[in-house]
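**Q** Shown below is the structure under consideration.
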Protein chains: 2
Amino acid sequence: MFETLPGFRDFPPEACSQRNHLFRVFRNVARAFDFREYDAPVLEPLDLYIEKSGPEIASQLFHFQDKGQREVALRPELTPTLARMVAARVNSLPKPIKWYNIGEHFRYERPQKGRGRSFYQFNADLLGENSVGADAELIALLCGIMQTLGLGENHFALRLSDRQTWLLFLDHLGIKPENRPAILDAIDKSERRKPEQTLNALETACPGHGEEILSSIDEIKKINNLDVLLEKLSSFGSEGQQRAKDWQELLNLLDGHQVAHFIKIDLSIVRGLAYYTGFVYEAFEASGEGRALAGGGRYDDLIKKLSGNIDLPAAGFAIGDMTLSDCLQKNGLLPTYVMAPDLFLICGSEQRMSGISLVAHARKAGFAVSHPLKESGFGKQFKDAGKSGARYALILGEEEEAEKKVKIKDLKSSGEMTVDQDKLIQELEKLEEEGGIGAPS
Amino acid sequence: MFETLPGFRDFPPEACSQRNHLFRVFRNVARAFDFREYDAPVLEPLDLYIEKSGPEIASQLFHFQDKGQREVALRPELTPTLARMVAARVNSLPKPIKWYNIGEHFRYERPQKGRGRSFYQFNADLLGENSVGADAELIALLCGIMQTLGLGENHFALRLSDRQTWLLFLDHLGIKPENRPAILDAIDKSERRKPEQTLNALETACPGHGEEILSSIDEIKKINNLDVLLEKLSSFGSEGQQRAKDWQELLNLLDGHQVAHFIKIDLSIVRGLAYYTGFVYEAFEASGEGRALAGGGRYDDLIKKLSGNIDLPAAGFAIGDMTLSDCLQKNGLLPTYVMAPDLFLICGSEQRMSGISLVAHARKAGFAVSHPLKESGFGKQFKDAGKSGARYALILGEEEEAEKKVKIKDLKSSGEMTVDQDKLIQELEKLEEEGGIGAPS
């Protein structure tokens, strides 16, 4: 009768537990890196996004006027919200600020593989520190999450590039500062366009020089070796020499973080968004196929732009849930959680109330327990216990109740033991330690 | 420069960790009751809510037309979505279906204490079972959550009522079936209205009988004793006698579940929504003040209405995060999480890379570790370690590095020990067992 809107997803229990597996890994690894979780509304003033990205962004948003005549939008990304929140309490926050969020985001686009109209993102940002140590910390966090999910260097690579390096190259090519944004935009789009289209874009930006710039750019994009890159940069004067040192330090730090084997220098990455100011990166499947699994970089001027006056260096990245889940699925790395109670109560009609008391005690002790919600015969109850997937049945008949005992039956091995009712929790805890309870298989 | 929309909340880390404390308790207790988590879009077709609640609901919603000319709404509640999801896969789901969700909901209303335009709800529903055992299971889950949050019978009470009992009373008063919904609506609103307004509403429903009905209703609302209630019901013929048995069984089951001490029979509760068909309840602070902390009941006809043809008995409840947080705060039951890393690295410039390797190892082992993101002197690093709130410093100077050792310094007691670098994780795990690490205080 009713259907989910196109591009939106339902999460019945199995899908929900797979999604929550990602969220759990995000949280655990972010905690190990001493990042703090924050959250914010999914609905924000539309102007927050227009201020950052220009009025054309509205065409990609779910936006509307609310009953109070406010122009509002479902958030397509979290950075403007982060800027708002940090700006509001910048003086009371110790630096560096290391925050993360796991939340839903929205964009109005044609739904396709790996891209929905609603999707979840893990966002991590590090503010108040402009040294490459901060970039290394973020890249190490990103790689740490991928590793914890089971992805190794045969599954994914992080393509590392740098906006400042590109600016130095463009300067060296004699391109004027005012033309650089258009050229960087053309480079970014060149991966998804025909060469003629890129040539047109370059020609429009620098009339008469399109071909020449295109061939230089193609050479630069091919650089994938640190020594070659450092040599080039060192030939660009003191600014180039400083940037060569930054590259060297970043890669040393990533080696210290034990993630250097995931890093590929790849100057074809410039990131579409105009606000990046330094190192930028995208994680892709090792095969190079498909959309980016994650992406981020340094954006030192954005907080000032969005907050009006707060100068705070910043860097961050986002991981989307859709491409990541597809990648994990393909590699058999999405766990199938066994959703079953630990225990299922089976009892006689006369023993029902005291059976439910045992259920209540076991639940308070943290065990997952189901029981028949209405009276039924032992045969039906055994069948229900089997269907529930419970490892153990708690059996309470006339005989057990008379002696204040209860039977614990292993529904897998059919082994059973009878224990005192008031020792039930201790016995269950012993079984738990032995791995019979609570261990998803 | 930009502000949060009115009625929406930001969750910087401390507020987020308090909210997550609620979510963690919801999840743990729901798991103990063998309920499965599901999730669904926050944006749904507007018709889903109009079908359930009538066209006037739109005035309380955030709704709009999307770029594909679909009328859509931010969900004000989850039941219609649940009906849609269950109806779509009803044949493949084993019964009873025990599902829960923790999610954001929206309504366009004047923001006030305990009521925002965005709020979180814990929703639990039990479908496919019409016996009172299902009602008892849900009420026990609700009380179990409150108890796990630290709320006892001096903090909250669950007011229990029954739509069927009301219908029997109204029948006994000679009120025709077609007038019952208007009368129940007047009873529901009577708690928040002046007596004259209630009288007017009753008079409109049954001209000439308003005063008489009002005085009967006032008598019925005063019943708070099971024996009195059972006696009344038993005088209403076989239907009344059956319902008396149901009441008796429900209260016995709640006794079995160890939550009977939270229950107050209170027929003034009828729940505003017309779709309830059986036992209904609301949890309030024990003082009786403030808005309901939670509410729910049985709605056996709703799935059929929303799915078109699927006849599935159902019951469920919701707990909102705002009144609950206020109540916990007032009672000093909202934990203040200490947000600090377990360890902070302090190292010499020459030892930086091997220090970061130790950080990487400790993080992989699950410890929360911070480190200086750029080079600085030992004094500054000790100061930063203190500010971070870390319990231990990992100190790696020239001397330690030469011997492949590292110093672990307790920043609280100033005690310290020097251990082999390759035994660091074992030593940290020992400290963890002793409670020095990872135990939020």
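Residue names in the structure tokens use chain letters A, B, ... in the order shown, residue numbers from 1 in each chain, and ligand numbers from 1 in the order shown.
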Chain A superposed on chain B over all ordered C-alpha pairs, least squares: can you write that as a compact mmCIF listing (two decimals) with C-alpha atoms, in the first residue's frame?
**A**
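In the end it all went to out.txt:
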# COMPACT_ATOMS: atom_id res chain seq x y z
CA MET A 1 26.36 33.90 12.24
CA PHE A 2 24.13 30.83 11.81
CA GLU A 3 21.93 29.37 14.50
CA THR A 4 20.19 26.07 15.11
CA LEU A 5 16.53 26.17 14.05
CA PRO A 6 14.09 26.83 16.93
CA GLY A 7 13.15 23.59 18.69
CA PHE A 8 16.22 21.74 17.39
CA ARG A 9 19.22 20.77 19.51
CA ASP A 10 22.96 20.55 19.01
CA PHE A 11 24.77 17.77 20.85
CA PRO A 12 28.37 18.79 21.56
CA PRO A 13 30.37 15.90 23.08
CA GLU A 14 29.12 16.12 26.67
CA ALA A 15 25.44 16.33 25.67
CA CYS A 16 26.01 13.64 23.06
CA SER A 17 27.50 11.24 25.61
CA GLN A 18 24.54 11.79 27.93
CA ARG A 19 22.12 11.11 25.08
CA ASN A 20 24.14 8.03 24.10
CA HIS A 21 23.88 6.80 27.69
CA LEU A 22 20.10 6.62 27.23
CA PHE A 23 20.52 4.89 23.87
CA ARG A 24 22.92 2.35 25.36
CA VAL A 25 20.46 1.47 28.14
CA PHE A 26 17.60 1.22 25.60
CA ARG A 27 19.68 -1.20 23.50
CA ASN A 28 20.93 -3.34 26.39
CA VAL A 29 17.53 -3.81 28.02
CA ALA A 30 15.77 -4.40 24.67
CA ARG A 31 18.39 -7.05 23.90
CA ALA A 32 17.75 -8.74 27.27
CA PHE A 33 14.06 -8.91 26.29
CA ASP A 34 15.06 -10.38 22.89
CA PHE A 35 13.75 -7.43 20.87
CA ARG A 36 15.51 -6.76 17.53
CA GLU A 37 16.61 -3.30 16.38
CA TYR A 38 15.30 -1.94 13.06
CA ASP A 39 15.49 1.47 11.41
CA ALA A 40 13.72 3.37 8.67
CA PRO A 41 13.86 6.69 6.80
CA VAL A 42 13.08 9.92 8.65
CA LEU A 43 11.35 11.14 5.47
CA GLU A 44 8.17 9.34 4.38
CA PRO A 45 5.19 9.95 2.07
CA LEU A 46 2.83 12.42 3.77
CA ASP A 47 -0.13 10.14 3.01
CA LEU A 48 1.24 7.54 5.43
CA TYR A 49 0.38 9.88 8.32
CA ILE A 50 -2.85 11.20 6.81
CA GLU A 51 -4.09 7.64 6.35
CA LYS A 52 -3.53 6.96 10.03
CA SER A 53 -4.50 10.25 11.66
CA GLY A 54 -6.57 12.23 9.16
CA PRO A 55 -5.67 15.33 7.11
CA GLU A 56 -5.52 17.63 10.17
CA ILE A 57 -2.24 15.93 11.17
CA ALA A 58 -0.46 17.89 8.41
CA SER A 59 -0.74 21.10 10.45
CA GLN A 60 1.64 19.58 13.03
CA LEU A 61 4.20 18.23 10.56
CA PHE A 62 7.26 19.39 8.68
CA HIS A 63 5.99 18.51 5.21
CA PHE A 64 6.72 19.67 1.69
CA GLN A 65 6.73 18.72 -1.95
CA ASP A 66 10.04 17.25 -3.12
CA LYS A 67 11.65 17.97 -6.50
CA GLY A 68 9.78 14.94 -7.92
CA GLN A 69 6.39 16.42 -6.89
CA ARG A 70 5.97 13.93 -4.06
CA GLU A 71 4.25 15.11 -0.89
CA VAL A 72 6.66 14.08 1.86
CA ALA A 73 6.94 14.59 5.62
CA LEU A 74 9.55 14.26 8.34
CA ARG A 75 8.19 11.43 10.48
CA PRO A 76 6.32 12.54 13.62
CA GLU A 77 6.07 8.94 14.87
CA LEU A 78 7.17 5.45 13.84
CA THR A 79 4.04 3.27 13.94
CA PRO A 80 2.93 3.90 10.32
CA THR A 81 6.46 3.11 9.12
CA LEU A 82 6.50 -0.07 11.22
CA ALA A 83 3.16 -1.11 9.70
CA ARG A 84 4.58 -0.52 6.21
CA MET A 85 7.74 -2.53 6.92
CA VAL A 86 6.01 -5.44 8.63
CA ALA A 87 3.28 -5.62 6.00
CA ALA A 88 5.93 -5.87 3.25
CA ARG A 89 7.51 -8.99 4.80
CA VAL A 90 4.78 -10.40 7.02
CA ASN A 91 4.94 -13.93 5.62
CA SER A 92 8.66 -14.39 6.15
CA LEU A 93 8.76 -13.04 9.71
CA PRO A 94 8.46 -15.54 12.57
CA LYS A 95 5.81 -14.48 15.11
CA PRO A 96 5.72 -12.91 17.56
CA ILE A 97 7.61 -9.98 16.01
CA LYS A 98 9.52 -8.08 18.72
CA TRP A 99 11.15 -4.99 17.22
CA TYR A 100 12.56 -1.76 18.58
CA ASN A 101 13.99 1.44 17.18
CA ILE A 102 15.89 4.44 18.50
CA GLY A 103 15.43 7.38 16.16
CA GLU A 104 14.76 11.04 15.53
CA HIS A 105 11.22 12.34 15.08
CA PHE A 106 9.83 15.75 14.19
CA ARG A 107 6.75 17.85 14.76
CA TYR A 108 6.02 21.46 14.03
CA GLU A 109 4.79 22.81 17.35
CA ARG A 110 5.64 25.61 19.69
CA PRO A 111 8.87 24.50 21.40
CA GLN A 112 8.51 24.33 25.20
CA LYS A 113 10.02 22.53 28.17
CA GLY A 114 10.23 18.81 27.39
CA ARG A 115 8.91 19.28 23.84
CA GLY A 116 11.11 20.12 20.88
CA ARG A 117 10.51 20.17 17.15
CA SER A 118 13.06 17.37 16.90
CA PHE A 119 13.26 14.65 19.53
CA TYR A 120 14.42 11.07 19.90
CA GLN A 121 12.20 8.15 20.77
CA PHE A 122 12.71 4.58 21.80
CA ASN A 123 9.88 2.60 20.14
CA ALA A 124 9.16 -1.02 21.02
CA ASP A 125 6.39 -3.03 19.39
CA LEU A 126 5.23 -6.60 19.68
CA LEU A 127 3.14 -7.89 16.77
CA GLY A 128 1.36 -11.16 16.08
CA GLU A 129 0.28 -11.94 19.63
CA ASN A 130 -2.99 -10.72 21.13
CA SER A 131 -2.77 -12.27 24.60
CA VAL A 132 -2.14 -10.13 27.68
CA GLY A 133 1.25 -11.88 27.91
CA ALA A 134 2.35 -9.54 25.13
CA ASP A 135 1.08 -6.45 27.01
CA ALA A 136 2.92 -7.66 30.12
CA GLU A 137 6.14 -8.20 28.13
CA LEU A 138 6.04 -4.61 26.83
CA ILE A 139 5.22 -3.05 30.20
CA ALA A 140 8.03 -5.10 31.80
CA LEU A 141 10.44 -3.82 29.11
CA LEU A 142 9.38 -0.23 29.74
CA CYS A 143 9.83 -0.60 33.51
CA GLY A 144 13.12 -2.48 33.00
CA ILE A 145 14.54 0.45 31.04
CA MET A 146 13.47 2.94 33.70
CA GLN A 147 15.00 0.76 36.44
CA THR A 148 18.26 0.34 34.55
CA LEU A 149 18.46 4.13 34.23
CA GLY A 150 18.28 4.27 38.02
CA LEU A 151 14.60 5.21 38.41
CA GLY A 152 12.76 3.44 41.23
CA GLU A 153 9.16 3.54 42.46
CA ASN A 154 9.87 6.79 44.30
CA HIS A 155 10.71 8.32 40.89
CA PHE A 156 8.07 7.01 38.50
CA ALA A 157 4.78 5.16 38.21
CA LEU A 158 3.07 3.48 35.30
CA ARG A 159 -0.60 4.41 35.08
CA LEU A 160 -2.51 1.52 33.61
CA SER A 161 -5.92 1.76 32.00
CA ASP A 162 -7.95 -0.08 29.38
CA ARG A 163 -9.97 1.03 26.39
CA GLN A 164 -12.14 -2.10 26.50
CA THR A 165 -13.01 -1.43 30.13
CA TRP A 166 -14.05 2.09 29.17
CA LEU A 167 -16.21 0.75 26.34
CA LEU A 168 -17.92 -1.62 28.78
CA PHE A 169 -18.57 1.26 31.18
CA LEU A 170 -19.93 3.45 28.37
CA ASP A 171 -22.13 0.61 27.17
CA HIS A 172 -23.43 0.22 30.72
CA LEU A 173 -24.20 3.97 30.77
CA GLY A 174 -26.34 3.42 27.68
CA ILE A 175 -24.08 5.33 25.30
CA LYS A 176 -24.51 4.25 21.72
CA PRO A 177 -21.44 2.80 19.88
CA GLU A 178 -21.35 5.72 17.41
CA ASN A 179 -20.99 8.24 20.26
CA ARG A 180 -18.20 6.41 22.07
CA PRO A 181 -15.21 7.89 20.18
CA ALA A 182 -16.34 11.43 20.97
CA ILE A 183 -16.87 10.54 24.63
CA LEU A 184 -13.45 8.87 24.91
CA ASP A 185 -11.89 11.91 23.28
CA ALA A 186 -13.61 14.16 25.83
CA ILE A 187 -12.37 11.96 28.68
CA ASP A 188 -8.82 12.08 27.31
CA LYS A 189 -8.87 15.86 27.04
CA SER A 190 -10.63 16.35 30.39
CA GLU A 191 -7.29 16.24 32.23
CA ARG A 192 -6.13 19.35 30.37
CA ARG A 193 -9.46 21.21 30.16
CA LYS A 194 -11.84 23.12 32.38
CA PRO A 195 -14.87 21.05 33.52
CA GLU A 196 -17.19 23.31 31.47
CA GLN A 197 -15.33 22.45 28.28
CA THR A 198 -15.61 18.73 29.00
CA LEU A 199 -19.29 19.18 29.78
CA ASN A 200 -19.76 20.98 26.45
CA ALA A 201 -18.02 18.18 24.56
CA LEU A 202 -20.16 15.52 26.27
CA GLU A 203 -23.33 17.52 25.70
CA THR A 204 -22.47 17.86 22.00
CA ALA A 205 -21.94 14.07 21.74
CA CYS A 206 -25.10 13.13 23.70
CA PRO A 207 -27.46 16.12 23.85
CA GLY A 208 -29.41 16.32 27.11
CA HIS A 209 -27.15 13.80 28.91
CA GLY A 210 -23.88 15.73 29.34
CA GLU A 211 -24.16 16.40 33.11
CA GLU A 212 -25.22 12.84 33.88
CA ILE A 213 -22.37 11.34 31.79
CA LEU A 214 -19.82 13.75 33.30
CA SER A 215 -20.69 12.72 36.83
CA SER A 216 -20.54 9.00 35.92
CA ILE A 217 -17.21 9.49 34.22
CA ASP A 218 -15.81 11.29 37.24
CA GLU A 219 -16.79 8.31 39.40
CA ILE A 220 -15.16 5.82 36.99
CA LYS A 221 -11.95 7.86 36.78
CA LYS A 222 -11.61 7.62 40.55
CA ILE A 223 -11.39 3.81 40.52
CA ASN A 224 -7.84 2.92 41.52
CA ASN A 225 -8.37 -0.37 43.29
CA LEU A 226 -8.30 -3.70 41.48
CA ASP A 227 -10.99 -5.33 43.62
CA VAL A 228 -13.42 -2.49 43.04
CA LEU A 229 -12.69 -2.56 39.31
CA LEU A 230 -13.09 -6.35 39.07
CA GLU A 231 -16.40 -6.19 40.94
CA LYS A 232 -17.75 -3.51 38.59
CA LEU A 233 -16.61 -5.41 35.50
CA SER A 234 -18.06 -8.69 36.76
CA SER A 235 -21.46 -7.00 36.96
CA PHE A 236 -21.32 -6.25 33.20
CA GLY A 237 -22.11 -9.81 32.02
CA SER A 238 -19.82 -12.28 30.31
CA GLU A 239 -17.81 -9.69 28.40
CA GLY A 240 -17.15 -7.83 31.64
CA GLN A 241 -16.24 -11.07 33.41
CA GLN A 242 -13.74 -11.96 30.67
CA ARG A 243 -12.16 -8.52 30.92
CA ALA A 244 -11.93 -8.87 34.70
CA LYS A 245 -9.97 -12.09 34.12
CA ASP A 246 -7.65 -10.29 31.68
CA TRP A 247 -6.95 -7.57 34.25
CA GLN A 248 -6.23 -10.19 36.88
CA GLU A 249 -3.89 -12.11 34.57
CA LEU A 250 -2.05 -8.99 33.41
CA LEU A 251 -1.38 -7.92 36.99
CA ASN A 252 -0.25 -11.45 37.92
CA LEU A 253 2.15 -11.47 34.98
CA LEU A 254 3.52 -8.06 35.92
CA ASP A 255 4.09 -9.46 39.39
CA GLY A 256 6.03 -12.35 37.79
CA HIS A 257 8.05 -9.76 35.83
CA GLN A 258 8.86 -8.06 39.19
CA VAL A 259 7.42 -4.72 38.12
CA ALA A 260 4.02 -4.75 39.87
CA HIS A 261 5.19 -2.09 42.34
CA PHE A 262 5.38 0.48 39.52
CA ILE A 263 1.79 -0.06 38.38
CA LYS A 264 -1.11 2.22 39.36
CA ILE A 265 -4.58 1.46 38.04
CA ASP A 266 -5.75 4.80 36.69
CA LEU A 267 -8.76 4.93 34.37
CA SER A 268 -8.20 8.65 33.69
CA ILE A 269 -5.66 7.47 31.11
CA VAL A 270 -7.35 6.79 27.75
CA ARG A 271 -4.57 7.98 25.36
CA GLY A 272 -5.57 10.60 22.83
CA LEU A 273 -5.09 8.51 19.75
CA ALA A 274 -8.23 6.84 18.51
CA TYR A 275 -6.54 3.63 17.39
CA TYR A 276 -5.91 2.02 20.78
CA THR A 277 -8.05 -1.05 21.37
CA GLY A 278 -7.03 -2.57 24.72
CA PHE A 279 -4.74 -1.92 27.67
CA VAL A 280 -3.12 1.52 27.54
CA TYR A 281 -0.58 3.12 29.87
CA GLU A 282 1.56 6.14 30.51
CA ALA A 283 4.61 6.49 32.73
CA PHE A 284 4.83 9.65 34.80
CA GLU A 285 7.11 10.96 37.47
CA ALA A 286 5.93 9.65 40.84
CA SER A 287 5.04 13.22 41.87
CA GLY A 288 2.49 13.22 39.04
CA GLU A 289 4.05 16.42 37.69
CA GLY A 290 5.14 17.12 34.16
CA ARG A 291 4.49 15.41 30.88
CA ALA A 292 4.38 11.66 30.38
CA LEU A 293 7.81 9.97 30.25
CA ALA A 294 6.44 7.20 28.03
CA GLY A 295 3.17 5.84 26.76
CA GLY A 296 1.69 3.03 24.77
CA GLY A 297 -0.91 0.34 24.47
CA ARG A 298 -2.59 -2.21 22.26
CA TYR A 299 -3.66 -1.24 18.73
CA ASP A 300 -5.04 -4.41 17.14
CA ASP A 301 -6.77 -2.80 14.12
CA LEU A 302 -4.12 -0.35 12.98
CA ILE A 303 -1.86 -2.63 10.94
CA LYS A 304 -4.88 -3.69 8.89
CA LYS A 305 -5.86 -0.07 8.31
CA LEU A 306 -2.38 0.96 7.23
CA SER A 307 -1.47 -2.15 5.25
CA GLY A 308 -4.84 -2.54 3.57
CA ASN A 309 -5.37 -6.19 4.33
CA ILE A 310 -3.01 -7.64 6.93
CA ASP A 311 -4.70 -8.59 10.16
CA LEU A 312 -2.00 -8.55 12.83
CA PRO A 313 -2.62 -7.87 16.52
CA ALA A 314 -0.12 -5.36 17.86
CA ALA A 315 0.92 -3.40 20.92
CA GLY A 316 3.77 -1.03 21.62
CA PHE A 317 5.09 1.99 23.47
CA ALA A 318 7.43 4.92 23.02
CA ILE A 319 9.79 6.71 25.41
CA GLY A 320 10.80 10.25 24.47
CA ASP A 321 14.30 11.50 25.24
CA MET A 322 13.44 15.01 26.40
CA THR A 323 11.15 14.46 29.39
CA LEU A 324 13.21 11.41 30.36
CA SER A 325 16.50 13.37 30.32
CA ASP A 326 14.90 16.15 32.38
CA CYS A 327 13.70 13.59 34.92
CA LEU A 328 17.12 11.87 35.13
CA GLN A 329 18.89 15.22 35.41
CA LYS A 330 16.63 16.35 38.22
CA ASN A 331 17.36 13.14 40.11
CA GLY A 332 21.12 13.29 39.54
CA LEU A 333 20.95 10.17 37.37
CA LEU A 334 22.58 11.51 34.19
CA PRO A 335 26.18 10.31 34.36
CA THR A 336 28.92 12.81 33.63
CA TYR A 337 31.24 10.83 31.44
CA VAL A 338 34.90 11.58 31.85
CA MET A 339 36.03 12.12 28.30
CA ALA A 340 39.76 11.57 28.41
CA PRO A 341 42.23 9.30 26.66
CA ASP A 342 43.74 6.39 28.58
CA LEU A 343 47.27 7.35 27.52
CA PHE A 344 49.18 10.37 26.28
CA LEU A 345 52.52 10.01 24.50
CA ILE A 346 55.43 12.22 25.56
CA CYS A 347 58.60 11.84 23.49
CA GLY A 348 61.82 13.47 22.29
CA SER A 349 62.07 14.82 18.73
CA GLU A 350 64.32 11.96 17.71
CA GLN A 351 61.94 9.40 19.21
CA ARG A 352 58.81 10.75 17.53
CA MET A 353 58.36 8.08 14.85
CA SER A 354 58.94 5.17 17.18
CA GLY A 355 56.68 6.88 19.74
CA ILE A 356 53.92 7.06 17.14
CA SER A 357 54.42 3.35 16.42
CA LEU A 358 53.77 2.62 20.09
CA VAL A 359 50.66 4.81 19.89
CA ALA A 360 49.49 2.82 16.85
CA HIS A 361 50.01 -0.47 18.69
CA ALA A 362 48.18 0.68 21.80
CA ARG A 363 45.28 1.97 19.69
CA LYS A 364 45.00 -1.32 17.85
CA ALA A 365 44.80 -3.05 21.21
CA GLY A 366 41.79 -0.85 22.01
CA PHE A 367 43.33 1.81 24.24
CA ALA A 368 42.36 5.45 23.72
CA VAL A 369 45.58 7.32 23.02
CA SER A 370 46.47 10.92 22.26
CA HIS A 371 49.85 12.30 21.28
CA PRO A 372 51.34 15.71 20.44
CA LEU A 373 50.47 16.47 16.81
CA LYS A 374 53.65 18.48 16.36
CA GLU A 375 57.07 18.53 17.93
CA SER A 376 57.35 20.33 21.25
CA GLY A 377 59.50 20.30 24.37
CA PHE A 378 58.98 17.86 27.28
CA GLY A 379 57.55 20.62 29.49
CA LYS A 380 54.85 21.52 26.98
CA GLN A 381 54.07 17.85 26.39
CA PHE A 382 53.64 17.17 30.12
CA LYS A 383 51.30 20.14 30.31
CA ASP A 384 49.29 18.86 27.34
CA ALA A 385 49.15 15.38 28.86
CA GLY A 386 47.75 16.87 32.07
CA LYS A 387 45.18 18.94 30.18
CA SER A 388 44.07 15.89 28.19
CA GLY A 389 42.94 14.20 31.40
CA ALA A 390 44.87 11.02 30.50
CA ARG A 391 45.52 8.72 33.43
CA TYR A 392 48.93 7.59 32.14
CA ALA A 393 51.74 9.16 30.15
CA LEU A 394 53.87 6.97 27.88
CA ILE A 395 57.33 8.51 28.04
CA LEU A 396 59.91 7.80 25.37
CA GLY A 397 63.20 9.69 25.68
CA GLU A 398 66.66 8.98 24.31
CA GLU A 399 67.51 6.65 27.17
CA GLU A 400 64.33 4.54 26.93
CA GLU A 401 64.60 4.30 23.15
CA ALA A 402 68.25 3.15 23.33
CA GLU A 403 67.14 0.20 25.47
CA LYS A 404 63.90 -0.44 23.52
CA LYS A 405 61.94 0.46 26.62
CA VAL A 406 59.17 2.93 27.46
CA LYS A 407 58.14 4.53 30.73
CA ILE A 408 54.53 4.38 31.94
CA LYS A 409 53.83 7.20 34.37
CA ASP A 410 50.66 7.39 36.44
CA LEU A 411 49.71 11.05 36.19
CA LYS A 412 47.45 10.75 39.22
CA SER A 413 49.84 9.12 41.71
CA SER A 414 53.09 10.07 39.90
CA GLY A 415 54.16 6.42 40.22
CA GLU A 416 56.05 5.12 37.19
CA MET A 417 57.55 1.97 35.74
CA THR A 418 59.76 1.21 32.77
CA VAL A 419 58.78 -1.70 30.54
CA ASP A 420 60.06 -3.34 27.35
CA GLN A 421 58.45 -1.79 24.29
CA ASP A 422 57.37 -5.19 23.04
CA LYS A 423 55.67 -5.93 26.37
CA LEU A 424 53.81 -2.59 26.46
CA ILE A 425 50.39 -3.98 25.52
CA GLN A 426 50.62 -6.75 28.14
CA GLU A 427 51.54 -4.21 30.81
CA LEU A 428 48.69 -1.91 29.77
CA GLU A 429 46.26 -4.82 29.91
CA LYS A 430 47.41 -5.55 33.45
CA LEU A 431 46.75 -1.94 34.42
CA GLU A 432 43.34 -2.20 32.77
CA GLU A 433 42.46 -5.27 34.83
CA GLU A 434 43.47 -3.41 37.96
CA GLY A 435 40.96 -0.74 36.98
CA GLY A 436 43.48 2.00 36.24
CA ILE A 437 42.49 2.26 32.58
CA GLY A 438 39.21 2.37 30.81
CA ALA A 439 37.09 2.67 33.94
CA PRO A 440 35.06 5.90 33.75
CA SER A 441 35.08 7.44 37.22
**Q** Among region 45-215 of chain B, which residues carry a DSSP assignment of strand (DSSP E or B), reported as an NGL selection string?
**A** :B and (45 or 63-65 or 71-74 or 97-106 or 112 or 115 or 118-127 or 156-162)
**Q** DSSP on the backbone: what in region 28-253 of chain A comes out helix (DSSP H, G or I), as an MDAnalysis selection string?
**A** chainID A and resid 28:32 46:53 55:60 79:88 132:148 163:172 177:190 195:205 210:221 226:234 237:253
